[in-house]
Structure formats: structure tokens, C-alpha cells
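For reference, structure.tsv (TSV, C-alpha atoms (C1' of nucleotides)):
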chain	number	residue	atom	x	y	z
A	1	MET	CA	0.00	0.00	0.00
A	2	ARG	CA	1.18	3.45	-0.90
A	3	ASP	CA	2.06	5.89	1.86
A	4	ASN	CA	-0.35	8.75	2.47
A	5	ASN	CA	2.30	11.20	1.35
A	6	GLU	CA	2.37	9.58	-2.08
A	7	MET	CA	-1.40	9.77	-2.49
A	8	PRO	CA	-2.50	12.82	-4.47
A	9	GLY	CA	-6.00	12.37	-3.08
A	10	HIS	CA	-4.79	12.62	0.48
A	11	LEU	CA	-2.51	15.57	-0.27
A	12	ALA	CA	-5.34	17.33	-2.08
A	13	ARG	CA	-7.67	16.92	0.86
A	14	ARG	CA	-5.04	18.14	3.28
A	15	PHE	CA	-4.02	21.17	1.24
A	16	GLN	CA	-7.62	22.14	0.66
A	17	GLN	CA	-8.35	21.81	4.37
A	18	ILE	CA	-5.48	24.11	5.28
A	19	ALA	CA	-6.30	26.52	2.46
A	20	VAL	CA	-9.81	27.00	3.82
A	21	ALA	CA	-8.48	27.64	7.31
A	22	ILE	CA	-6.02	30.22	5.98
A	23	PHE	CA	-8.76	31.90	3.97
A	24	HIS	CA	-11.01	32.18	7.00
A	25	ALA	CA	-8.23	33.54	9.17
A	26	GLU	CA	-7.19	36.25	6.71
A	27	VAL	CA	-10.74	37.28	5.85
A	28	GLU	CA	-11.82	37.42	9.47
A	29	GLU	CA	-8.78	39.48	10.40
A	30	ALA	CA	-9.80	41.94	7.71
A	31	GLY	CA	-13.21	42.21	9.35
A	32	TYR	CA	-15.28	40.20	6.88
A	33	ASP	CA	-17.37	37.06	7.20
A	34	LEU	CA	-17.23	35.22	3.88
A	35	THR	CA	-16.41	31.62	3.00
A	36	PRO	CA	-14.13	30.76	0.07
A	37	VAL	CA	-17.14	29.49	-1.82
A	38	GLN	CA	-19.15	32.65	-1.19
A	39	TYR	CA	-16.20	34.78	-2.27
A	40	ALA	CA	-15.85	32.86	-5.54
A	41	ALA	CA	-19.54	33.32	-6.28
A	42	LEU	CA	-19.36	37.07	-5.67
A	43	ALA	CA	-16.23	37.44	-7.79
A	44	ALA	CA	-17.69	35.44	-10.66
A	45	LEU	CA	-20.84	37.52	-10.60
A	46	GLU	CA	-18.90	40.76	-10.64
A	47	HIS	CA	-17.29	39.64	-13.91
A	48	ASN	CA	-20.57	38.42	-15.40
A	49	PRO	CA	-23.54	40.30	-13.97
A	50	GLY	CA	-26.98	38.97	-14.77
A	51	ILE	CA	-26.08	35.34	-15.36
A	52	ASP	CA	-28.36	32.62	-14.05
A	53	GLN	CA	-27.57	30.08	-11.33
A	54	ALA	CA	-26.56	27.30	-13.70
A	55	THR	CA	-24.13	29.53	-15.55
A	56	LEU	CA	-22.62	30.77	-12.32
A	57	ALA	CA	-22.24	27.20	-11.09
A	58	GLY	CA	-20.46	26.24	-14.30
A	59	GLN	CA	-18.04	29.15	-14.09
A	60	ILE	CA	-16.79	28.19	-10.65
A	61	ALA	CA	-17.38	24.43	-10.97
A	62	TYR	CA	-20.04	24.12	-8.29
A	63	ASP	CA	-22.77	21.57	-8.29
A	64	ARG	CA	-26.16	23.01	-9.17
A	65	THR	CA	-27.52	21.72	-5.88
A	66	THR	CA	-24.75	23.33	-3.86
A	67	ILE	CA	-25.12	26.70	-5.52
A	68	THR	CA	-28.71	27.00	-4.31
A	69	GLY	CA	-27.66	27.11	-0.68
A	70	VAL	CA	-24.68	29.37	-1.34
A	71	ILE	CA	-26.92	31.91	-3.07
A	72	ASP	CA	-29.51	31.61	-0.29
A	73	ARG	CA	-26.89	32.73	2.22
A	74	LEU	CA	-25.50	35.50	0.04
A	75	VAL	CA	-29.00	36.84	-0.55
A	76	GLN	CA	-29.71	36.63	3.14
A	77	LYS	CA	-26.56	38.63	3.86
A	78	GLY	CA	-27.75	41.28	1.42
A	79	LEU	CA	-24.85	40.80	-0.98
A	80	MET	CA	-26.74	39.32	-3.93
A	81	LEU	CA	-30.16	39.53	-5.57
A	82	ARG	CA	-32.04	36.57	-7.04
A	83	LEU	CA	-34.47	37.82	-9.65
A	84	ALA	CA	-36.83	36.09	-12.04
A	85	SER	CA	-35.36	35.93	-15.52
A	86	PRO	CA	-37.37	37.85	-18.10
A	87	ARG	CA	-36.29	35.44	-20.84
A	88	ASP	CA	-36.62	32.04	-19.16
A	89	ARG	CA	-39.25	31.42	-16.56
A	90	ARG	CA	-37.27	28.50	-15.13
A	91	ALA	CA	-34.21	30.60	-14.43
A	92	ASN	CA	-33.12	33.09	-11.80
A	93	VAL	CA	-30.93	36.00	-12.77
A	94	LEU	CA	-28.30	37.07	-10.24
A	95	GLU	CA	-26.99	40.55	-9.44
A	96	LEU	CA	-24.63	41.93	-6.82
A	97	THR	CA	-26.10	44.53	-4.51
A	98	ASP	CA	-24.18	47.71	-3.77
A	99	GLU	CA	-23.17	46.12	-0.51
A	100	GLY	CA	-22.04	43.06	-2.44
A	101	HIS	CA	-19.77	45.20	-4.58
A	102	ARG	CA	-18.38	46.96	-1.51
A	103	VAL	CA	-17.71	43.74	0.37
A	104	LEU	CA	-16.05	42.15	-2.64
A	105	GLN	CA	-13.77	45.14	-3.18
A	106	GLY	CA	-12.94	45.30	0.49
A	107	VAL	CA	-12.11	41.65	0.93
A	108	VAL	CA	-9.85	41.25	-2.09
A	109	PRO	CA	-6.61	42.14	-0.27
A	110	ALA	CA	-7.29	39.53	2.40
A	111	VAL	CA	-8.04	36.91	-0.23
A	112	GLU	CA	-4.84	37.72	-2.09
A	113	ALA	CA	-2.88	37.53	1.15
A	114	ALA	CA	-4.40	34.14	1.89
A	115	GLN	CA	-3.23	32.80	-1.48
A	116	ASP	CA	0.31	33.87	-0.63
A	117	VAL	CA	0.22	32.25	2.79
A	118	MET	CA	-0.88	28.95	1.25
A	119	LEU	CA	2.28	28.87	-0.87
A	120	ARG	CA	4.72	30.33	1.64
A	121	GLY	CA	6.65	27.06	1.80
A	122	LEU	CA	7.57	27.29	-1.87
A	123	THR	CA	10.02	29.51	-3.73
A	124	PRO	CA	8.44	31.77	-6.35
A	125	GLU	CA	9.64	29.40	-9.08
A	126	GLU	CA	8.22	26.40	-7.28
A	127	ALA	CA	4.95	28.18	-6.66
A	128	ALA	CA	4.60	28.99	-10.35
A	129	GLU	CA	5.35	25.40	-11.30
A	130	PHE	CA	2.93	24.12	-8.66
A	131	LEU	CA	0.11	26.20	-10.09
A	132	ARG	CA	1.00	25.11	-13.63
A	133	LEU	CA	0.88	21.44	-12.66
A	134	PHE	CA	-2.36	22.00	-10.77
A	135	ARG	CA	-3.99	23.50	-13.85
A	136	LYS	CA	-2.64	20.80	-16.13
A	137	ALA	CA	-3.72	17.95	-13.89
A	138	ILE	CA	-7.18	19.45	-13.43
A	139	SER	CA	-7.80	20.12	-17.10
A	140	ALA	CA	-7.22	16.43	-17.90
A	141	VAL	CA	-9.92	15.26	-15.48
A	142	ASN	CA	-12.31	18.22	-15.42
A	143	ASP	CA	-15.23	16.19	-16.71
A	144	LEU	CA	-14.97	13.49	-14.07
A	145	SER	CA	-16.93	15.39	-11.44
A	146	ARG	CA	-20.62	16.17	-11.41
A	147	ALA	CA	-19.76	19.87	-11.49
A	148	PRO	CA	-17.29	20.42	-14.34
A	149	LEU	CA	-15.90	23.85	-15.03
A	150	ARG	CA	-17.57	25.58	-17.98
A	151	SER	CA	-15.55	28.74	-18.31
A	152	SER	CA	-17.14	30.12	-21.45
A	153	PRO	CA	-19.19	29.20	-24.51
A	154	ALA	CA	-15.97	29.04	-26.52
A	155	ALA	CA	-14.46	26.53	-24.13
A	156	ALA	CA	-17.65	24.50	-24.23
A	157	ASP	CA	-17.40	24.36	-28.01
A	158	ALA	CA	-13.79	23.25	-27.85
A	159	LYS	CA	-14.75	20.48	-25.42
A	160	SER	CA	-17.45	19.06	-27.63
A	161	GLU	CA	-15.06	18.39	-30.52
B	1	MET	CA	-8.09	40.75	-8.86
B	2	ARG	CA	-6.27	37.56	-9.61
B	3	ASP	CA	-7.79	35.05	-12.00
B	4	ASN	CA	-9.24	31.90	-10.51
B	5	ASN	CA	-6.59	29.86	-12.29
B	6	GLU	CA	-3.90	31.72	-10.38
B	7	MET	CA	-5.54	31.08	-7.02
B	8	PRO	CA	-4.10	28.07	-5.22
B	9	GLY	CA	-7.19	27.99	-3.01
B	10	HIS	CA	-9.50	27.65	-5.98
B	11	LEU	CA	-7.31	25.05	-7.68
B	12	ALA	CA	-7.07	23.08	-4.45
B	13	ARG	CA	-10.82	23.02	-4.05
B	14	ARG	CA	-11.33	21.98	-7.65
B	15	PHE	CA	-8.70	19.24	-7.60
B	16	GLN	CA	-10.02	17.87	-4.32
B	17	GLN	CA	-13.55	17.87	-5.70
B	18	ILE	CA	-12.52	15.87	-8.76
B	19	ALA	CA	-10.30	13.57	-6.70
B	20	VAL	CA	-13.24	12.56	-4.52
B	21	ALA	CA	-15.39	11.88	-7.58
B	22	ILE	CA	-12.64	9.70	-9.09
B	23	PHE	CA	-12.21	7.83	-5.82
B	24	HIS	CA	-15.90	7.10	-5.59
B	25	ALA	CA	-16.08	5.93	-9.19
B	26	GLU	CA	-13.15	3.53	-8.89
B	27	VAL	CA	-14.18	2.14	-5.53
B	28	GLU	CA	-17.77	1.63	-6.58
B	29	GLU	CA	-16.68	-0.12	-9.77
B	30	ALA	CA	-14.67	-2.49	-7.62
B	31	GLY	CA	-17.82	-3.28	-5.68
B	32	TYR	CA	-17.11	-1.36	-2.48
B	33	ASP	CA	-18.86	1.46	-0.68
B	34	LEU	CA	-16.24	3.54	1.11
B	35	THR	CA	-15.50	7.26	1.14
B	36	PRO	CA	-11.93	8.59	0.88
B	37	VAL	CA	-12.13	9.61	4.51
B	38	GLN	CA	-13.32	6.18	5.63
B	39	TYR	CA	-10.59	4.50	3.62
B	40	ALA	CA	-7.91	6.66	5.23
B	41	ALA	CA	-9.20	5.82	8.68
B	42	LEU	CA	-9.15	2.08	7.96
B	43	ALA	CA	-5.65	2.23	6.47
B	44	ALA	CA	-4.28	4.24	9.38
B	45	LEU	CA	-5.76	1.82	11.86
B	46	GLU	CA	-4.29	-1.17	10.04
B	47	HIS	CA	-0.85	0.36	10.54
B	48	ASN	CA	-1.49	1.27	14.18
B	49	PRO	CA	-4.04	-1.04	15.76
B	50	GLY	CA	-5.38	-0.08	19.17
B	51	ILE	CA	-4.86	3.65	18.97
B	52	ASP	CA	-7.52	5.99	20.33
B	53	GLN	CA	-9.66	8.41	18.36
B	54	ALA	CA	-7.48	11.45	18.99
B	55	THR	CA	-4.35	9.65	17.81
B	56	LEU	CA	-6.10	8.38	14.71
B	57	ALA	CA	-7.35	11.88	13.96
B	58	GLY	CA	-3.83	13.26	14.27
B	59	GLN	CA	-2.37	10.66	11.94
B	60	ILE	CA	-4.69	11.52	9.08
B	61	ALA	CA	-5.21	15.19	9.98
B	62	TYR	CA	-8.89	15.00	10.78
B	63	ASP	CA	-10.66	17.22	13.22
B	64	ARG	CA	-11.57	15.42	16.45
B	65	THR	CA	-15.19	16.33	15.90
B	66	THR	CA	-15.22	14.94	12.37
B	67	ILE	CA	-13.62	11.65	13.37
B	68	THR	CA	-16.50	10.85	15.70
B	69	GLY	CA	-18.98	10.62	12.87
B	70	VAL	CA	-16.57	8.79	10.57
B	71	ILE	CA	-16.01	6.12	13.20
B	72	ASP	CA	-19.74	5.94	13.89
B	73	ARG	CA	-20.31	4.96	10.27
B	74	LEU	CA	-17.41	2.52	10.11
B	75	VAL	CA	-18.61	0.80	13.27
B	76	GLN	CA	-22.12	0.68	11.88
B	77	LYS	CA	-20.78	-0.97	8.71
B	78	GLY	CA	-19.06	-3.57	10.87
B	79	LEU	CA	-15.54	-2.59	9.77
B	80	MET	CA	-14.28	-1.14	13.05
B	81	LEU	CA	-14.69	-1.64	16.79
B	82	ARG	CA	-14.84	1.16	19.34
B	83	LEU	CA	-13.79	-0.21	22.73
B	84	ALA	CA	-13.29	1.39	26.13
B	85	SER	CA	-9.60	1.98	26.77
B	86	PRO	CA	-8.27	0.01	29.74
B	87	ARG	CA	-5.68	2.70	30.47
B	88	ASP	CA	-7.67	5.91	30.04
B	89	ARG	CA	-11.33	6.00	30.88
B	90	ARG	CA	-11.87	9.04	28.68
B	91	ALA	CA	-10.56	7.31	25.57
B	92	ASN	CA	-11.87	4.78	23.06
B	93	VAL	CA	-9.51	2.23	21.58
B	94	LEU	CA	-10.11	1.32	17.93
B	95	GLU	CA	-9.63	-2.02	16.17
B	96	LEU	CA	-10.41	-3.29	12.69
B	97	THR	CA	-12.82	-6.18	12.50
B	98	ASP	CA	-12.01	-9.16	10.29
B	99	GLU	CA	-14.40	-7.69	7.77
B	100	GLY	CA	-12.56	-4.37	8.08
B	101	HIS	CA	-9.29	-6.08	7.19
B	102	ARG	CA	-10.90	-7.86	4.25
B	103	VAL	CA	-12.51	-4.72	2.87
B	104	LEU	CA	-9.29	-2.75	3.22
B	105	GLN	CA	-7.25	-5.40	1.41
B	106	GLY	CA	-9.87	-5.71	-1.28
B	107	VAL	CA	-10.25	-2.02	-1.99
B	108	VAL	CA	-6.56	-1.14	-2.22
B	109	PRO	CA	-6.24	-1.76	-5.99
B	110	ALA	CA	-9.17	0.57	-6.69
B	111	VAL	CA	-7.69	3.25	-4.46
B	112	GLU	CA	-4.33	2.96	-6.19
B	113	ALA	CA	-6.03	3.16	-9.57
B	114	ALA	CA	-7.86	6.29	-8.48
B	115	GLN	CA	-4.59	7.98	-7.56
B	116	ASP	CA	-3.27	7.30	-11.05
B	117	VAL	CA	-6.41	8.66	-12.72
B	118	MET	CA	-6.10	11.89	-10.74
B	119	LEU	CA	-2.67	12.51	-12.24
B	120	ARG	CA	-3.28	11.19	-15.73
B	121	GLY	CA	-2.78	14.64	-17.23
B	122	LEU	CA	0.82	14.77	-16.03
B	123	THR	CA	3.94	12.99	-17.22
B	124	PRO	CA	5.57	10.73	-14.61
B	125	GLU	CA	8.21	13.39	-13.98
B	126	GLU	CA	5.58	16.08	-13.58
B	127	ALA	CA	3.54	13.87	-11.30
B	128	ALA	CA	6.53	13.28	-9.05
B	129	GLU	CA	7.30	16.98	-8.93
B	130	PHE	CA	3.65	17.80	-8.26
B	131	LEU	CA	3.60	15.49	-5.25
B	132	ARG	CA	6.90	16.90	-3.99
B	133	LEU	CA	5.60	20.46	-4.18
B	134	PHE	CA	2.34	19.40	-2.53
B	135	ARG	CA	4.23	17.91	0.40
B	136	LYS	CA	6.55	20.90	0.69
B	137	ALA	CA	3.74	23.44	0.57
B	138	ILE	CA	1.70	21.52	3.12
B	139	SER	CA	4.53	21.03	5.58
B	140	ALA	CA	5.07	24.78	5.77
B	141	VAL	CA	1.46	25.47	6.79
B	142	ASN	CA	0.49	22.26	8.58
B	143	ASP	CA	-0.21	23.99	11.85
B	144	LEU	CA	-2.61	26.54	10.39
B	145	SER	CA	-5.62	24.25	10.49
B	146	ARG	CA	-7.55	23.04	13.50
B	147	ALA	CA	-6.59	19.46	12.57
B	148	PRO	CA	-2.80	19.40	12.04
B	149	LEU	CA	-1.05	16.23	11.01
B	150	ARG	CA	0.72	14.52	13.91
B	151	SER	CA	2.49	11.67	12.20
B	152	SER	CA	4.45	10.35	15.15
B	153	PRO	CA	5.73	11.22	18.61
B	154	ALA	CA	9.10	12.09	17.09
B	155	ALA	CA	7.51	14.57	14.73
B	156	ALA	CA	5.55	16.06	17.61
B	157	ASP	CA	8.80	16.57	19.51
B	158	ALA	CA	10.44	18.21	16.53
B	159	LYS	CA	7.51	20.58	16.20
B	160	SER	CA	7.68	21.78	19.77
B	161	GLU	CA	11.22	23.06	19.45
C	1	DC	C1'	-3.58	16.10	48.73
C	2	DA	C1'	-6.18	19.69	46.49
C	3	DT	C1'	-6.41	22.60	42.78
C	4	DT	C1'	-5.55	23.87	38.36
C	5	DT	C1'	-4.75	22.71	33.68
C	6	DA	C1'	-5.01	19.81	29.91
C	7	DT	C1'	-7.01	16.13	27.24
C	8	DA	C1'	-10.71	12.60	25.08
C	9	DA	C1'	-14.95	12.48	23.31
C	10	DT	C1'	-19.31	14.27	22.22
C	11	DC	C1'	-23.05	17.57	20.95
C	12	DA	C1'	-25.48	21.47	18.62
C	13	DG	C1'	-25.16	24.40	14.91
C	14	DT	C1'	-23.49	25.94	10.25
C	15	DA	C1'	-21.56	25.37	5.46
C	16	DT	C1'	-20.00	22.85	1.68
C	17	DA	C1'	-20.75	18.80	-1.71
C	18	DC	C1'	-22.84	15.01	-3.38
C	19	DT	C1'	-26.98	11.41	-5.17
C	20	DG	C1'	-31.33	10.94	-6.76
C	21	DA	C1'	-35.89	12.59	-7.46
C	22	DC	C1'	-39.16	16.06	-8.71
C	23	DT	C1'	-41.59	20.19	-10.98
C	24	DA	C1'	-41.70	23.64	-14.30
C	25	DT	C1'	-40.36	25.14	-18.51
C	26	DC	C1'	-37.99	25.34	-22.88
C	27	DA	C1'	-36.39	23.67	-27.45
C	28	DG	C1'	-36.29	20.55	-31.31
C	29	DC	C1'	-38.77	18.04	-34.37
C	30	DA	C1'	-42.33	14.96	-36.67
D	1	DT	C1'	-49.30	21.70	-33.15
D	2	DG	C1'	-48.06	18.14	-30.03
D	3	DC	C1'	-44.59	15.08	-28.30
D	4	DT	C1'	-40.02	14.26	-26.59
D	5	DG	C1'	-35.86	15.24	-24.60
D	6	DA	C1'	-33.18	18.60	-22.25
D	7	DT	C1'	-32.59	22.19	-18.86
D	8	DA	C1'	-33.25	25.37	-14.37
D	9	DG	C1'	-34.06	25.07	-9.89
D	10	DT	C1'	-35.28	22.85	-5.66
D	11	DC	C1'	-35.78	19.23	-2.09
D	12	DA	C1'	-34.63	15.22	0.95
D	13	DG	C1'	-31.02	12.60	2.50
D	14	DT	C1'	-26.03	11.57	3.52
D	15	DA	C1'	-21.07	12.68	4.53
D	16	DT	C1'	-17.36	15.61	5.46
D	17	DA	C1'	-15.42	19.74	8.17
D	18	DC	C1'	-15.58	23.36	11.06
D	19	DT	C1'	-16.75	26.57	15.78
D	20	DG	C1'	-17.75	26.60	20.33
D	21	DA	C1'	-19.54	24.38	24.40
D	22	DT	C1'	-19.82	20.56	27.75
D	23	DT	C1'	-18.69	16.35	30.49
D	24	DA	C1'	-15.51	13.16	32.23
D	25	DT	C1'	-11.09	12.10	33.33
D	26	DA	C1'	-6.07	12.54	33.63
D	27	DA	C1'	-1.81	15.04	34.59
D	28	DA	C1'	0.73	18.56	36.68
D	29	DT	C1'	1.63	21.54	40.39
D	30	DG	C1'	1.88	23.95	44.74

Let me see whether you can do it: turn the structure in this file into C-alpha cells.
Amino acid sequence: MRDNNEMPGHLARRFQQIAVAIFHAEVEEAGYDLTPVQYAALAALEHNPGIDQATLAGQIAYDRTTITGVIDRLVQKGLMLRLASPRDRRANVLELTDEGHRVLQGVVPAVEAAQDVMLRGLTPEEAAEFLRLFRKAISAVNDLSRAPLRSSPAAADAKSE
Amino acid sequence: MRDNNEMPGHLARRFQQIAVAIFHAEVEEAGYDLTPVQYAALAALEHNPGIDQATLAGQIAYDRTTITGVIDRLVQKGLMLRLASPRDRRANVLELTDEGHRVLQGVVPAVEAAQDVMLRGLTPEEAAEFLRLFRKAISAVNDLSRAPLRSSPAAADAKSE
DNA sequence: CATTTATAATCAGTATACTGACTATCAGCA
DNA sequence: TGCTGATAGTCAGTATACTGATTATAAATG
């Protein structure tokens, strides 16, 4: 049997666990109360206002079931609006509130700091290589989870070839 | 604001998410019903029979609260025994059942296969480097989560210096 | 020995994530 | 047009993970 330290699954779980703790610590120190998942949803919506829940989920690789609860909490915090879509009566259109914009802007430095803390054991060259390998490994198995990343229509086209 | 693909926290979450899906797929195909977390607990206990819950949690970096539920489910499946410790009346001593040993032995090939699938986008050299960087990054921030890894008494001593 | 401190385990509460099922609606096509 | 398959969102149920609190017990200390 392989040692835990040779198991990418174990290392992934461990790194993710620590990354979340670091994120919480930095964000709380900055005076905000946001989870990594909530931050990602806000940031994605800032780049693409007015998208529906399914599109948002695809852009950050969340399950459509998970995104429902995340949006519930963001709406409840007053950071996001869930509106009926005028074009598709099944869909909800999402918008950041003014407070959502303010919180997102305000929390960015803490989020950036957290990313640096996560990699503080690596040299800058190693960190760059680590991120490159992360991206490469992920892109080869993106479709193996229920919630694949769907960055853009163009990428979706490329995938279907 | 940094792009998601430059955020180690986002990449870690995504890789972990896919890794769990791959693990489930391989293990289910092999005819077993075990989560990654349950597998790690069984494997750790096989190496160190008779340890208590806190020690097990430290060896696989689980929170002490989380381990309670994991053990509940393993006991309920008949794979593990939770016994009163003869030396410490606060503690529970853990043992694999015969069925626990059998399941662990049987599922190992599927778990190994899953690890290979997770890295199938990388060359062998890249995979080795990826794991090395993972370990190095993690060791520098191990103590920043509520559930740090405590591999052995020796390592605990080294940490306290 | 008595008191303080630390540790083992659990519980309640919250937040991801997933499976599988369901409703409502849309889109393609005979 | 009417049927069929696909899609958007939600719900119930299960399994991690965490925070903070509590109980029971052990260890350390004056």
C-alpha cells in the first residue's frame, strides 16, 4: 500500500483543508465574514452580472444543488439579488447589490494575502510550477466530477469536438 | 483581482472535488462502498491497531469532531470496533474487525487506480514533482488548520522546538 | 492532597458537496 | 401543433469539516 504522502488524493484533501483555514483567518482578520465558496460566487458575478444560477455554477465548478444554498446565504446577507429571468421562466438572474460590490472590493486584499500564505513554503519558481501542474492535472480530469468547469461558450465548443 | 486559475485555493478546491469523484467511481466499480475519509481511517488503523480516536485523527489530519462521525459509520458498517480503553477512561480504543481487514485489502487496488487517474494529465516526472511540491507546501502550513497532522511522537517533539 | 490545567470524546449548529428525485419550462422536431 | 428530450431550480437525505460548548477524566503543580 502506498504511503499517504504519495497519495495525491490525500494531499489534495489536506491542502484544501489548510487553504480554507487560511482563507477564513485572513478574511476574518480583515473584518469580513465570507467563506471561500461565497467569495468565488461574488467574484464570478462581478465579472458576469446577470447570469443565471446554472451559468454561475459552471463558471466556478459548483454543483447546481450546492449553488442554491450558497446563493440563499448571500442573498440573506444582502450581498446578492435573485431575480426572475425575463427570458426564461425556469431561471433566476443574479446581481450583486451595492453592498455586495463593496464587500467584494474590500475583501480582495485579504483573499490575495491568503493565497500567498498557502504557498509560503515554496520559492516563487516552485509556486509557479505548482500552479502550472495543478492546472494541467485538473484540465485532464475536469469532466470526471458532477460539477465540471464551464468557463465560457468558446471553451464549451472546444470540449465538444 | 487575480484570475481563478492563479488562485491556489481555488485550484485546491477543484482538484479535491474531482479527486473525490474519481475515488468514488473507482471504488464503486470495484464493488465497495467507502468514502476517501473512511478509507484513510481504515488504512491508518491497520498500521497502528489499538490507537484511540485522537491519535487516529492526528495521523490523518482530521478534526476530532469529524472523526466521531466517521467512526460511527465505520462501526455501523461492521468494519471497526470502538472499545473502552483500559488505560484511560476518557478514551476509546479502535480495532479493525475481520471484515474491516478484508474490505481494506480488497479495496486497495481501486484506491491505487484512483490515484493514477487523478494525475493522468501529467507525465511521470511532472507527477513526481507535483507530489513533492504538494508535500513541501503543506509542511510549511500544517499547523494553520484546526486538525494538524501529527504523524508520530518524534515529529511532535520536533515541532515543539 | 487539592487545585488547576489539559485532554478525550461528544453535541449542537453551520456550510460545503454530493446522489437521486421532482416540478416547471424550454427547445427541437415529426 | 403536439410530443419528446433537455434544462433550471429545488428538495430530501447523507457525509465531510468546522466553531464553540460541555462532560468526564487525567496530569501537573503547589

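From atom CA of Ile22 of chain B back to atom CA of Gly9 of chain A, the distance works out to 9.3 Å.
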
Next on the checklist: To one decimal place in Å, what is the distance between atom CA of Arg89 of chain A and atom CA of Gln38 of chain A?
Outcome noted: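 Computing the Euclidean distance for atom CA of Arg89 of chain A and atom CA of Gln38 of chain A yields 25.3 Å.
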
Next on the checklist: Restricting the calculation to only C-alpha atoms (C1' of nucleotides): of D:DT4, D:DT29, D:DT16, D:DT22, which residue gets closest to DT16 of chain C?
Outcome noted: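 The shortest atom-to-atom distance to DT16 of chain C comes from D:DT16.
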
Checklist entry - Residues at most 10 Å from DA6 of chain C, counting all atoms listed in the file, excluding those fewer than 4 positions away in the same chain, as a PyMOL selection string? => result chain D and resi 26-28

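Using all atoms listed in the file, every residue with an atom at most 7 Å from the point (-13.2, 20.6, 11.7) is listed here: Asp63, Thr65, Thr66, Arg146 and Ala147 of chain B; DA17 and DC18 of chain D.
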
Item to check | Residues of chain C within 7 Å of chain A, counting all atoms listed in the file, as a PyMOL selection string | outcome: chain C and resi 17+24-25

Checklist entry - Taking (-35.8, 20.6, -5.2) in the file's coordinates, which residues come within 10 Å, counting all atoms listed in the file, written as a ChimeraX atom specification? => result /A:65,68 /C:21-23 /D:9-12

May I have the residues of chain A within 8 Å of chain B, counting all atoms listed in the file, written as a compact mmCIF listing (two decimals) with C-alpha atoms, in the frame of the given file?
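Output contents, as saved in part_0.txt:
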# COMPACT_ATOMS: atom_id res chain seq x y z
CA MET A 1 0.00 0.00 0.00
CA ARG A 2 1.18 3.45 -0.90
CA ASN A 5 2.30 11.20 1.35
CA GLU A 6 2.37 9.58 -2.08
CA MET A 7 -1.40 9.77 -2.49
CA PRO A 8 -2.50 12.82 -4.47
CA GLY A 9 -6.00 12.37 -3.08
CA LEU A 11 -2.51 15.57 -0.27
CA ALA A 12 -5.34 17.33 -2.08
CA ARG A 13 -7.67 16.92 0.86
CA ARG A 14 -5.04 18.14 3.28
CA PHE A 15 -4.02 21.17 1.24
CA GLN A 16 -7.62 22.14 0.66
CA GLN A 17 -8.35 21.81 4.37
CA ILE A 18 -5.48 24.11 5.28
CA ALA A 19 -6.30 26.52 2.46
CA VAL A 20 -9.81 27.00 3.82
CA ALA A 21 -8.48 27.64 7.31
CA ILE A 22 -6.02 30.22 5.98
CA ALA A 61 -17.38 24.43 -10.97
CA VAL A 108 -9.85 41.25 -2.09
CA GLU A 112 -4.84 37.72 -2.09
CA GLN A 115 -3.23 32.80 -1.48
CA VAL A 117 0.22 32.25 2.79
CA MET A 118 -0.88 28.95 1.25
CA LEU A 119 2.28 28.87 -0.87
CA ARG A 120 4.72 30.33 1.64
CA GLY A 121 6.65 27.06 1.80
CA LEU A 122 7.57 27.29 -1.87
CA GLU A 126 8.22 26.40 -7.28
CA PHE A 130 2.93 24.12 -8.66
CA LEU A 131 0.11 26.20 -10.09
CA LEU A 133 0.88 21.44 -12.66
CA PHE A 134 -2.36 22.00 -10.77
CA ARG A 135 -3.99 23.50 -13.85
CA LYS A 136 -2.64 20.80 -16.13
CA ALA A 137 -3.72 17.95 -13.89
CA ILE A 138 -7.18 19.45 -13.43
CA SER A 139 -7.80 20.12 -17.10
CA ALA A 140 -7.22 16.43 -17.90
CA VAL A 141 -9.92 15.26 -15.48
CA ASN A 142 -12.31 18.22 -15.42
CA LEU A 144 -14.97 13.49 -14.07
CA SER A 145 -16.93 15.39 -11.44
CA ARG A 146 -20.62 16.17 -11.41

Item to check | Distance criterion (all atoms listed in the file): nearest to chain B out of D:DG13, D:DT19, D:DC3, D:DA8 | outcome: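 Ranked by minimum distance to chain B, first place goes to D:DT19.
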
How big is the axis-aligned box, and where does its centre sit, when it encloses all atoms of segment 140-152 of chain A listed in the file and has 6 Å added on every side, reported in Å to one decimal as lines of an AutoDock Vina configuration file?
center_x = -13.9
center_y = 21.8
center_z = -16.4
size_x = 25.4
size_y = 28.6
size_z = 22.0

Next on the checklist: I'd like the interatomic distance between atom CA of Val107 of chain A and atom CA of Leu81 of chain A, to a tenth of an Å.
Outcome noted: 19.3 Å

Checklist outcome for this item: Of D:DT25, D:DT14, D:DT7, D:DG2, the one nearest to chain B when counting only C-alpha atoms (C1' of nucleotides) is D:DT25

Checklist entry - Of the candidates B:Val103, B:Tyr39, B:Arg64, B:Gly58, which one gets nearest to chain D if we count all atoms listed in the file? => result B:Arg64

Repaired coordinates for segment 136-147 of chain A (N, CA and C atoms) as a CSV table (one decimal), in the frame of the given file:
chain,number,residue,atom,x,y,z
A,136,LYS,N,-2.8,21.9,-15.1
A,136,LYS,CA,-2.6,20.8,-16.1
A,136,LYS,C,-3.3,19.5,-15.7
A,137,ALA,N,-3.1,19.2,-14.4
A,137,ALA,CA,-3.7,18.0,-13.9
A,137,ALA,C,-5.2,18.1,-13.9
A,138,ILE,N,-5.7,19.2,-13.5
A,138,ILE,CA,-7.2,19.4,-13.4
A,138,ILE,C,-7.8,19.4,-14.8
A,139,SER,N,-7.2,20.0,-15.8
A,139,SER,CA,-7.8,20.1,-17.1
A,139,SER,C,-8.0,18.7,-17.7
A,140,ALA,N,-7.1,17.8,-17.3
A,140,ALA,CA,-7.2,16.4,-17.9
A,140,ALA,C,-8.4,15.6,-17.3
A,141,VAL,N,-8.9,16.0,-16.2
A,141,VAL,CA,-9.9,15.3,-15.5
A,141,VAL,C,-11.1,16.1,-15.1
A,142,ASN,N,-11.2,17.3,-15.8
A,142,ASN,CA,-12.3,18.2,-15.4
A,142,ASN,C,-13.7,17.6,-15.5
A,143,ASP,N,-13.9,16.7,-16.5
A,143,ASP,CA,-15.2,16.2,-16.7
A,143,ASP,C,-15.6,15.0,-15.8
A,144,LEU,N,-14.7,14.7,-14.9
A,144,LEU,CA,-15.0,13.5,-14.1
A,144,LEU,C,-15.8,13.8,-12.8
A,145,SER,N,-16.1,15.1,-12.6
A,145,SER,CA,-16.9,15.4,-11.4
A,145,SER,C,-18.3,15.8,-11.9
A,146,ARG,N,-19.3,15.8,-11.0
A,146,ARG,CA,-20.6,16.2,-11.4
A,146,ARG,C,-20.7,17.7,-11.8
A,147,ALA,N,-19.7,18.4,-11.3
A,147,ALA,CA,-19.8,19.9,-11.5
A,147,ALA,C,-18.5,20.3,-12.3
